[in-house]
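File shown here: final_28.cif, holding mmCIF, C-alpha atoms and all ligand atoms.
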```
data_entry
loop_
_atom_site.label_atom_id
_atom_site.label_comp_id
_atom_site.auth_asym_id
_atom_site.auth_seq_id
_atom_site.Cartn_x
_atom_site.Cartn_y
_atom_site.Cartn_z
CA MET A 1 0.00 0.00 0.00
CA SER A 2 1.32 3.46 -0.79
CA LYS A 3 2.05 5.71 2.18
CA ARG A 4 -1.00 7.22 3.79
CA LEU A 5 -1.44 9.93 6.38
CA ILE A 6 -2.23 9.94 10.09
CA ILE A 7 -4.53 12.86 10.84
CA ALA A 8 -5.16 13.92 14.45
CA ILE A 9 -8.16 16.07 15.33
CA ASP A 10 -8.41 17.24 18.94
CA GLY A 11 -10.58 19.71 20.79
CA PRO A 12 -13.25 20.08 23.48
CA ALA A 13 -16.77 18.62 23.34
CA GLY A 14 -19.00 20.32 20.80
CA SER A 15 -16.13 21.92 18.87
CA GLY A 16 -17.16 20.12 15.69
CA LYS A 17 -14.58 17.32 15.89
CA SER A 18 -16.85 14.40 15.08
CA THR A 19 -18.71 16.08 12.27
CA SER A 20 -15.60 17.29 10.51
CA ALA A 21 -13.44 14.21 11.24
CA LYS A 22 -16.10 11.92 9.74
CA LEU A 23 -16.44 14.02 6.60
CA VAL A 24 -12.67 14.33 6.17
CA ALA A 25 -12.26 10.54 6.55
CA GLN A 26 -15.02 9.91 4.00
CA LYS A 27 -13.44 12.31 1.51
CA LEU A 28 -10.05 10.62 1.83
CA ASP A 29 -11.50 7.11 2.12
CA TYR A 30 -9.57 6.70 5.39
CA LEU A 31 -10.57 4.94 8.59
CA TYR A 32 -12.35 7.21 11.10
CA ILE A 33 -11.81 6.55 14.80
CA ASP A 34 -13.77 8.30 17.54
CA THR A 35 -11.62 7.72 20.64
CA GLY A 36 -14.18 9.43 22.91
CA ALA A 37 -16.52 6.51 22.11
CA MET A 38 -13.97 4.16 23.71
CA TYR A 39 -13.82 6.17 26.97
CA ARG A 40 -17.60 6.29 26.86
CA ALA A 41 -17.85 2.50 26.38
CA ILE A 42 -15.72 1.87 29.49
CA THR A 43 -17.76 4.42 31.46
CA PHE A 44 -21.02 2.75 30.41
CA LEU A 45 -19.75 -0.69 31.48
CA ALA A 46 -18.44 0.69 34.78
CA ILE A 47 -21.88 2.19 35.52
CA LYS A 48 -23.62 -1.05 34.50
CA GLN A 49 -21.35 -3.13 36.73
CA ASN A 50 -21.56 -0.60 39.53
CA VAL A 51 -17.77 -0.20 39.80
CA LEU A 52 -17.40 3.55 39.07
CA ASN A 53 -15.87 4.07 42.49
CA ASN A 54 -13.34 1.29 42.07
CA PRO A 55 -10.49 2.47 39.80
CA ASP A 56 -8.85 -0.98 39.66
CA ALA A 57 -12.06 -2.53 38.39
CA VAL A 58 -12.42 0.24 35.81
CA ILE A 59 -8.82 -0.30 34.64
CA ASN A 60 -9.56 -4.01 34.41
CA LEU A 61 -12.49 -3.21 32.12
CA ALA A 62 -10.30 -0.97 29.91
CA GLU A 63 -7.60 -3.63 29.67
CA ASN A 64 -9.83 -6.61 29.03
CA THR A 65 -12.89 -5.42 27.14
CA ASP A 66 -12.89 -5.99 23.43
CA ILE A 67 -14.19 -2.65 22.12
CA ARG A 68 -15.09 -2.56 18.45
CA LEU A 69 -15.93 0.54 16.47
CA SER A 70 -17.51 0.28 13.08
CA PHE A 71 -18.50 3.25 11.01
CA VAL A 72 -21.89 2.70 9.34
CA ASP A 73 -23.99 5.32 7.51
CA GLY A 74 -22.31 8.24 9.23
CA THR A 75 -22.55 6.74 12.74
CA THR A 76 -19.89 5.06 14.86
CA GLU A 77 -21.44 1.78 15.97
CA VAL A 78 -19.89 0.73 19.27
CA TYR A 79 -19.73 -2.87 20.45
CA ALA A 80 -18.30 -3.97 23.78
CA ALA A 81 -18.69 -7.14 25.79
CA ASN A 82 -20.88 -8.58 23.00
CA MET A 83 -23.41 -5.73 23.18
CA ASN A 84 -24.24 -2.98 20.75
CA ILE A 85 -23.98 0.08 23.03
CA THR A 86 -24.05 2.78 20.35
CA GLU A 87 -27.02 4.62 21.90
CA GLU A 88 -26.23 3.91 25.53
CA ILE A 89 -22.79 5.58 25.49
CA ARG A 90 -24.38 8.97 24.66
CA SER A 91 -26.66 9.05 27.74
CA LYS A 92 -26.67 11.86 30.29
CA GLU A 93 -25.30 9.48 32.90
CA VAL A 94 -22.30 8.57 30.74
CA ASN A 95 -21.77 12.28 29.93
CA ALA A 96 -21.69 13.07 33.62
CA ASN A 97 -19.09 10.40 34.48
CA VAL A 98 -16.87 9.98 31.43
CA SER A 99 -14.39 12.73 32.33
CA ASP A 100 -13.72 11.13 35.72
CA VAL A 101 -13.15 7.73 34.12
CA SER A 102 -10.81 9.35 31.56
CA LYS A 103 -8.63 10.70 34.38
CA ILE A 104 -7.57 7.20 35.48
CA GLU A 105 -4.02 6.53 34.30
CA GLY A 106 -4.46 2.77 33.75
CA VAL A 107 -7.57 3.40 31.66
CA ARG A 108 -5.68 5.82 29.43
CA THR A 109 -2.69 3.51 29.05
CA ALA A 110 -4.93 0.63 27.94
CA LEU A 111 -7.03 2.70 25.53
CA VAL A 112 -4.08 4.60 24.04
CA ARG A 113 -2.43 1.25 23.27
CA LYS A 114 -5.58 0.05 21.48
CA GLN A 115 -5.90 3.35 19.60
CA ARG A 116 -2.31 3.19 18.32
CA GLN A 117 -2.83 -0.39 17.17
CA MET A 118 -6.05 0.50 15.35
CA GLY A 119 -4.48 3.52 13.67
CA LEU A 120 -1.27 1.79 12.59
CA LYS A 121 -3.14 -1.21 11.19
CA SER A 122 -5.34 0.94 9.01
CA GLY A 123 -2.64 2.72 7.04
CA GLY A 124 -4.55 5.98 6.71
CA VAL A 125 -6.59 7.27 9.61
CA VAL A 126 -8.49 10.29 10.89
CA MET A 127 -8.55 9.96 14.67
CA GLU A 128 -10.39 12.38 16.93
CA GLY A 129 -10.13 12.94 20.66
CA ARG A 130 -8.35 15.06 23.25
CA ASP A 131 -4.77 13.75 23.19
CA ILE A 132 -4.31 12.35 19.70
CA GLY A 133 -1.76 14.91 18.54
CA THR A 134 0.03 14.99 21.91
CA VAL A 135 0.04 11.39 23.17
CA VAL A 136 -1.59 8.81 20.89
CA PHE A 137 0.09 9.92 17.66
CA PRO A 138 2.65 12.63 18.46
CA GLU A 139 4.14 11.77 15.06
CA ALA A 140 0.83 12.46 13.21
CA ASP A 141 1.27 14.02 9.78
CA VAL A 142 -1.50 16.59 10.27
CA LYS A 143 -2.68 17.94 13.63
CA ILE A 144 -5.79 20.05 13.95
CA PHE A 145 -7.04 21.63 17.18
CA LEU A 146 -10.69 22.70 16.95
CA THR A 147 -12.19 25.27 19.29
CA ALA A 148 -15.54 27.09 19.54
CA ASN A 149 -17.07 29.33 22.15
CA ILE A 150 -19.03 27.66 24.95
CA ASN A 151 -22.44 29.06 23.95
CA GLU A 152 -22.10 27.79 20.41
CA ARG A 153 -20.97 24.37 21.64
CA ALA A 154 -23.91 24.11 24.06
CA VAL A 155 -26.39 25.03 21.31
CA ARG A 156 -24.91 22.33 19.02
CA ARG A 157 -25.14 19.63 21.72
CA ALA A 158 -28.69 20.72 22.62
CA LYS A 159 -29.71 20.26 18.99
CA GLU A 160 -28.19 16.76 18.93
CA PHE A 161 -30.21 15.78 22.00
CA LYS A 162 -33.39 17.38 20.61
CA ASP A 163 -32.96 15.47 17.33
CA LYS A 164 -32.89 12.27 19.38
CA GLY A 165 -36.02 13.30 21.27
CA VAL A 166 -34.18 13.82 24.59
CA GLN A 167 -35.41 16.76 26.67
CA VAL A 168 -32.53 18.81 28.07
CA THR A 169 -32.02 22.56 28.29
CA THR A 170 -29.12 24.42 26.68
CA GLU A 171 -28.22 25.83 30.14
CA GLU A 172 -28.00 22.31 31.59
CA ILE A 173 -25.73 21.23 28.71
CA LYS A 174 -23.58 24.32 29.11
CA LYS A 175 -22.96 23.44 32.77
CA THR A 176 -21.98 19.83 31.93
CA LEU A 177 -19.70 21.02 29.11
CA GLU A 178 -17.98 23.54 31.37
CA LEU A 179 -17.41 20.90 34.00
CA ARG A 180 -16.07 18.40 31.45
CA ASP A 181 -13.78 21.07 29.91
CA LYS A 182 -12.42 21.82 33.36
CA ILE A 183 -11.72 18.16 34.22
CA ASP A 184 -10.39 17.31 30.73
CA SER A 185 -8.04 20.31 30.61
CA SER A 186 -6.76 20.17 34.17
CA ARG A 187 -6.19 16.43 34.63
CA GLU A 188 -2.61 15.38 35.30
CA ILE A 189 -2.31 12.74 32.61
CA SER A 190 -2.55 13.84 28.98
CA PRO A 191 -4.84 16.83 29.50
CA LEU A 192 -6.68 18.47 26.65
CA ILE A 193 -4.04 20.83 25.26
CA LYS A 194 -3.07 21.89 21.79
CA ALA A 195 0.06 20.19 20.47
CA PRO A 196 2.69 22.84 19.67
CA ASP A 197 2.63 21.84 15.99
CA ALA A 198 -1.20 21.70 15.69
CA VAL A 199 -3.19 24.20 13.66
CA THR A 200 -6.04 25.84 15.58
CA VAL A 201 -9.35 26.23 13.78
CA ASP A 202 -12.08 28.24 15.55
CA THR A 203 -15.38 26.78 14.36
CA SER A 204 -17.69 29.23 16.22
CA LYS A 205 -18.61 31.16 13.12
CA VAL A 206 -17.84 28.87 10.20
CA THR A 207 -20.09 26.35 8.51
CA ILE A 208 -19.32 22.63 8.56
CA GLU A 209 -18.34 22.80 4.88
CA GLU A 210 -15.92 25.64 5.63
CA GLN A 211 -14.26 23.84 8.53
CA VAL A 212 -13.89 20.66 6.48
CA ASP A 213 -12.35 22.68 3.63
CA ILE A 214 -9.85 24.32 6.00
CA ILE A 215 -8.78 20.86 7.25
CA LEU A 216 -8.61 19.42 3.72
CA ASP A 217 -6.41 22.34 2.64
CA ARG A 218 -3.94 21.52 5.43
CA ILE A 219 -3.98 17.87 4.43
CA LYS A 220 -3.32 18.74 0.78
CA GLU A 221 -0.37 20.95 1.74
CA THR A 222 1.13 18.21 3.89
CA ALA A 223 0.56 15.56 1.23
CA VAL A 224 2.36 17.66 -1.38
CA ARG A 225 5.24 18.37 1.01
CA LYS A 226 5.59 14.68 1.91
CA ASN A 227 5.00 13.48 -1.62
CA ILE A 228 1.96 11.40 -0.65
CA VAL A 229 -0.97 10.89 -2.99
CA VAL A 230 -4.39 11.81 -1.55
CA ASN A 231 -7.69 11.69 -3.41
CA ILE A 232 -9.43 14.91 -2.50
O1 LIG B 1 -15.39 13.30 22.37
P1 LIG B 1 -16.37 12.88 23.48
O2 LIG B 1 -17.16 14.03 24.03
O3 LIG B 1 -17.23 11.73 23.08
O4 LIG B 1 -15.41 12.36 24.66
C1 LIG B 1 -15.93 11.90 25.89
C2 LIG B 1 -14.91 12.07 27.01
O5 LIG B 1 -13.85 11.16 26.82
C3 LIG B 1 -14.28 13.44 27.14
O6 LIG B 1 -14.98 14.27 28.03
C4 LIG B 1 -12.90 13.15 27.64
C5 LIG B 1 -12.63 11.73 27.23
N1 LIG B 1 -11.66 11.60 26.15
C6 LIG B 1 -10.33 11.62 26.50
O7 LIG B 1 -10.00 11.81 27.66
N2 LIG B 1 -9.39 11.39 25.54
C7 LIG B 1 -9.74 11.19 24.26
N3 LIG B 1 -8.79 10.95 23.35
C8 LIG B 1 -11.11 11.20 23.88
C9 LIG B 1 -12.05 11.43 24.87
#
```

Please express the file's structure as structure tokens.
Ligand code: DC
Amino acid sequence: MSKRLIIAIDGPAGSGKSTSAKLVAQKLDYLYIDTGAMYRAITFLAIKQNVLNNPDAVINLAENTDIRLSFVDGTTEVYAANMNITEEIRSKEVNANVSDVSKIEGVRTALVRKQRQMGLKSGGVVMEGRDIGTVVFPEADVKIFLTANINERAVRRAKEFKDKGVQVTTEEIKKTLELRDKIDSSREISPLIKAPDAVTVDTSKVTIEEQVDIILDRIKETAVRKNIVVNI
């Protein structure tokens, strides 16, 4: 296989990571990996098994659960412990606990190992998360850091919930987002920070098409510089 690129897209919740990473991966015909879905899967299982307060048990889940992600019709289908938990990992309860689970060092070590394996196996990958450009793939060819103001991010998440028929106010979402931002950015191990060589894209006032185009332009530039063929 000819050389393909590793593309890292990081940023806080609601910054437009998933939407743009999926579209970029589709354009390039690359594998798309949503690493947040993996932290969510472990959180869901920890809640289900009532072990949230037992870090060793949570680490055990991260080390020994076979998590599978498959991208079907624009959605990441998530399977773990022989269950399809695609819907369940997006619940309010998982939202409220996932940042605390993500702080556990052993959980991160286990999931980062899986993420590297998945990315390296695929050849070309668009991986999104919080620490992809800093920890999972510090050697990524293209690193994008997406940001957006908190009000805009809360409105986007509120719309996602409304589309699914879940009643939740924008204010309530804003509070959860602020709390998650705080925990994700201030944790000791691989906090949410921009890699020094990442390009920041503020998505507050741009359309999805515009943000995808900005990312594709960076990818094209890198591909030309590294003499790698991409079909854009
Ligand atoms: O992208 P998301 O909102 O689905 O991510 C859920 C949580 O998972 C997020 O609040 C922090 C954690 N996470 C992480 O710590 N590292 C990643 N690479 C991806 C997500």

Sort by chain and increasing residue number a table of all residues of region 63-121 of chain A within 10 Å of region 10-24 of chain A, each with its closest pair of atoms and their distance in Å to one decimal, counting only C-alpha atoms, and write it as JSON lines.
```
{"residue": "A:Phe71", "atom": "CA", "partner": "A:Lys22", "partner_atom": "CA", "distance": 9.1}
{"residue": "A:Gly74", "atom": "CA", "partner": "A:Lys22", "partner_atom": "CA", "distance": 7.2}
{"residue": "A:Thr75", "atom": "CA", "partner": "A:Lys22", "partner_atom": "CA", "distance": 8.8}
{"residue": "A:Thr76", "atom": "CA", "partner": "A:Lys22", "partner_atom": "CA", "distance": 9.4}
```

field: Surrounding residues as a VMD selection string, ligand LIG 1 (chain B), max 7 Å, all atoms listed in the file
entry: chain A and resid 13 35 to 37 39 to 40 98 to 99 102 to 103 128 to 132 180 184

Would you output that residue set with C-alpha atoms, as a PDB file, in the coordinates of the input?
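part18.pdb written:
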```
ATOM      1  CA  ALA A  13     -16.770  18.620  23.340  1.00  0.00           C
ATOM      2  CA  THR A  35     -11.620   7.720  20.640  1.00  0.00           C
ATOM      3  CA  GLY A  36     -14.180   9.430  22.910  1.00  0.00           C
ATOM      4  CA  ALA A  37     -16.520   6.510  22.110  1.00  0.00           C
ATOM      5  CA  TYR A  39     -13.820   6.170  26.970  1.00  0.00           C
ATOM      6  CA  ARG A  40     -17.600   6.290  26.860  1.00  0.00           C
ATOM      7  CA  VAL A  98     -16.870   9.980  31.430  1.00  0.00           C
ATOM      8  CA  SER A  99     -14.390  12.730  32.330  1.00  0.00           C
ATOM      9  CA  SER A 102     -10.810   9.350  31.560  1.00  0.00           C
ATOM     10  CA  LYS A 103      -8.630  10.700  34.380  1.00  0.00           C
ATOM     11  CA  GLU A 128     -10.390  12.380  16.930  1.00  0.00           C
ATOM     12  CA  GLY A 129     -10.130  12.940  20.660  1.00  0.00           C
ATOM     13  CA  ARG A 130      -8.350  15.060  23.250  1.00  0.00           C
ATOM     14  CA  ASP A 131      -4.770  13.750  23.190  1.00  0.00           C
ATOM     15  CA  ILE A 132      -4.310  12.350  19.700  1.00  0.00           C
ATOM     16  CA  ARG A 180     -16.070  18.400  31.450  1.00  0.00           C
ATOM     17  CA  ASP A 184     -10.390  17.310  30.730  1.00  0.00           C
TER      18      ASP A 184
END
```

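CA of Ala80 (chain A) is found 8.6 Å from CA of Ile42 (chain A).
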
- request: Pick out the closest residue to Arg68 (chain A) from this set: A:Asn82, A:Asp100, A:Leu52, A:Ile9. Count only C-alpha atoms.
  value: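 Using only C-alpha atoms, the shortest distance to Arg68 (chain A) belongs to A:Asn82.
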
field: Spatial sel., origin (-26.1, 12.6, 20.3), limit 6 Å, only C-alpha atoms, listed as a VMD selection string
entry: chain A and resid 90 160 to 161

task: Give the answer as one residue: which of A:Ile193, A:Leu216, A:Val78, A:Ala96 has the shortest atom-to-atom distance to Glu172 (chain A), using all atoms listed in the file?
output: A:Ala96

field: Residue nearest Asp181 (chain A) - candidates A:Ala140, A:Ala81, A:Ile150, A:Val166, atoms counted: only C-alpha atoms
entry: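 Going through A:Ala140, A:Ala81, A:Ile150, A:Val166 one by one, the smallest distance to Asp181 (chain A) is for A:Ile150.
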
message: Would you pick out the contacts of region 219-232 of chain A at 8 Å or less, using only C-alpha atoms, so that residues sharing its chain but fewer than 4 positions from it are not included, and give the list as a ChimeraX atom specification?
response: /A:2-5,27-28,141-142,215

- request: Tell me which protein, DNA and RNA residues are within 9 Å of Gln115 (chain A), counting only C-alpha atoms, leaving out same-chain ones fewer than 5 positions away, and put them as a list of chain:residue names.
  value: A:Ile33, A:Thr35, A:Ala110, A:Leu120, A:Met127, A:Val136

Limited to C-alpha atoms, could you put the picked residues into a file as a PDB file, keeping the file's coordinate frame?
```pdb
ATOM      1  CA  ILE A  33     -11.810   6.550  14.800  1.00  0.00           C
ATOM      2  CA  THR A  35     -11.620   7.720  20.640  1.00  0.00           C
ATOM      3  CA  ALA A 110      -4.930   0.630  27.940  1.00  0.00           C
ATOM      4  CA  LEU A 120      -1.270   1.790  12.590  1.00  0.00           C
ATOM      5  CA  MET A 127      -8.550   9.960  14.670  1.00  0.00           C
ATOM      6  CA  VAL A 136      -1.590   8.810  20.890  1.00  0.00           C
TER       7      VAL A 136
END
```

Distance in Å - CA of Ala195 (chain A) versus CA of Leu61 (chain A):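 CA of Ala195 (chain A) sits 29.0 Å away from CA of Leu61 (chain A).
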
All residues 10 Å or closer to Pro196 (chain A), all atoms listed in the file, same chain fewer than 6 positions away omitted, as a list of chain:residue names: A:Gly133, A:Thr134, A:Lys143

Please produce a file of the residues just selected, as a short mmCIF file (atom, residue, chain, number, x, y, z; two decimals), in the frame of the given file, where the atoms kept are C-alpha atoms.
```
data_model
loop_
_atom_site.label_atom_id
_atom_site.label_comp_id
_atom_site.auth_asym_id
_atom_site.auth_seq_id
_atom_site.Cartn_x
_atom_site.Cartn_y
_atom_site.Cartn_z
CA GLY A 133 -1.76 14.91 18.54
CA THR A 134 0.03 14.99 21.91
CA LYS A 143 -2.68 17.94 13.63
#
```

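One distance worth recording is that between CA of Val201 (chain A) and CA of Leu146 (chain A), which is 4.9 Å.
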
field: Which of A:Ser204, A:Lys174, A:Gly119, A:Val135 sits closest to Leu192 (chain A) [using all atoms listed in the file]
entry: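 Looking only at the distances to Leu192 (chain A), the closest residue turns out to be A:Val135.
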
query: Which one is closest to Lys92 (chain A): A:Arg108, A:Arg218, A:Arg116, A:Arg157? Count only C-alpha atoms.
result: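 Closest to Lys92 (chain A), using only C-alpha atoms: A:Arg157.
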
message: When you count all atoms listed in the file, which of these residues is closest to Ser70 (chain A): A:Glu188, A:Asp29, A:Asp163, A:Asp34?
response: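 Closest candidate: A:Asp34.
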
- prompt: Residues at most 12 Å from Asn60 (chain A), counting all atoms listed in the file, excluding those fewer than 2 positions away in the same chain, as JSON, numbers by chain?
  reply: {"A": [42, 45, 46, 51, 52, 54, 55, 56, 57, 58, 62, 63, 64, 65, 66, 104, 105, 106, 107, 108, 109, 110, 111]}

- prompt: If you count all atoms listed in the file, which residues fall within 10 Å of Asn151 (chain A), apart from same-chain ones fewer than 3 positions away, as a list in words?
  reply: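 Close residues of Asn151 (chain A): Gly14, Ala148, Ala154, Val155, Arg156, Thr170, Glu171, Ile173, Lys174, Leu177 and Ser204 of chain A.
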
Please dump the current selection as a compact mmCIF listing (two decimals), in the coordinates of the input; keep C-alpha atoms.
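Writing done, so here's result-v8.txt:
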```
# COMPACT_ATOMS: atom_id res chain seq x y z
CA GLY A 14 -19.00 20.32 20.80
CA ALA A 148 -15.54 27.09 19.54
CA ALA A 154 -23.91 24.11 24.06
CA VAL A 155 -26.39 25.03 21.31
CA ARG A 156 -24.91 22.33 19.02
CA THR A 170 -29.12 24.42 26.68
CA GLU A 171 -28.22 25.83 30.14
CA ILE A 173 -25.73 21.23 28.71
CA LYS A 174 -23.58 24.32 29.11
CA LEU A 177 -19.70 21.02 29.11
CA SER A 204 -17.69 29.23 16.22
```
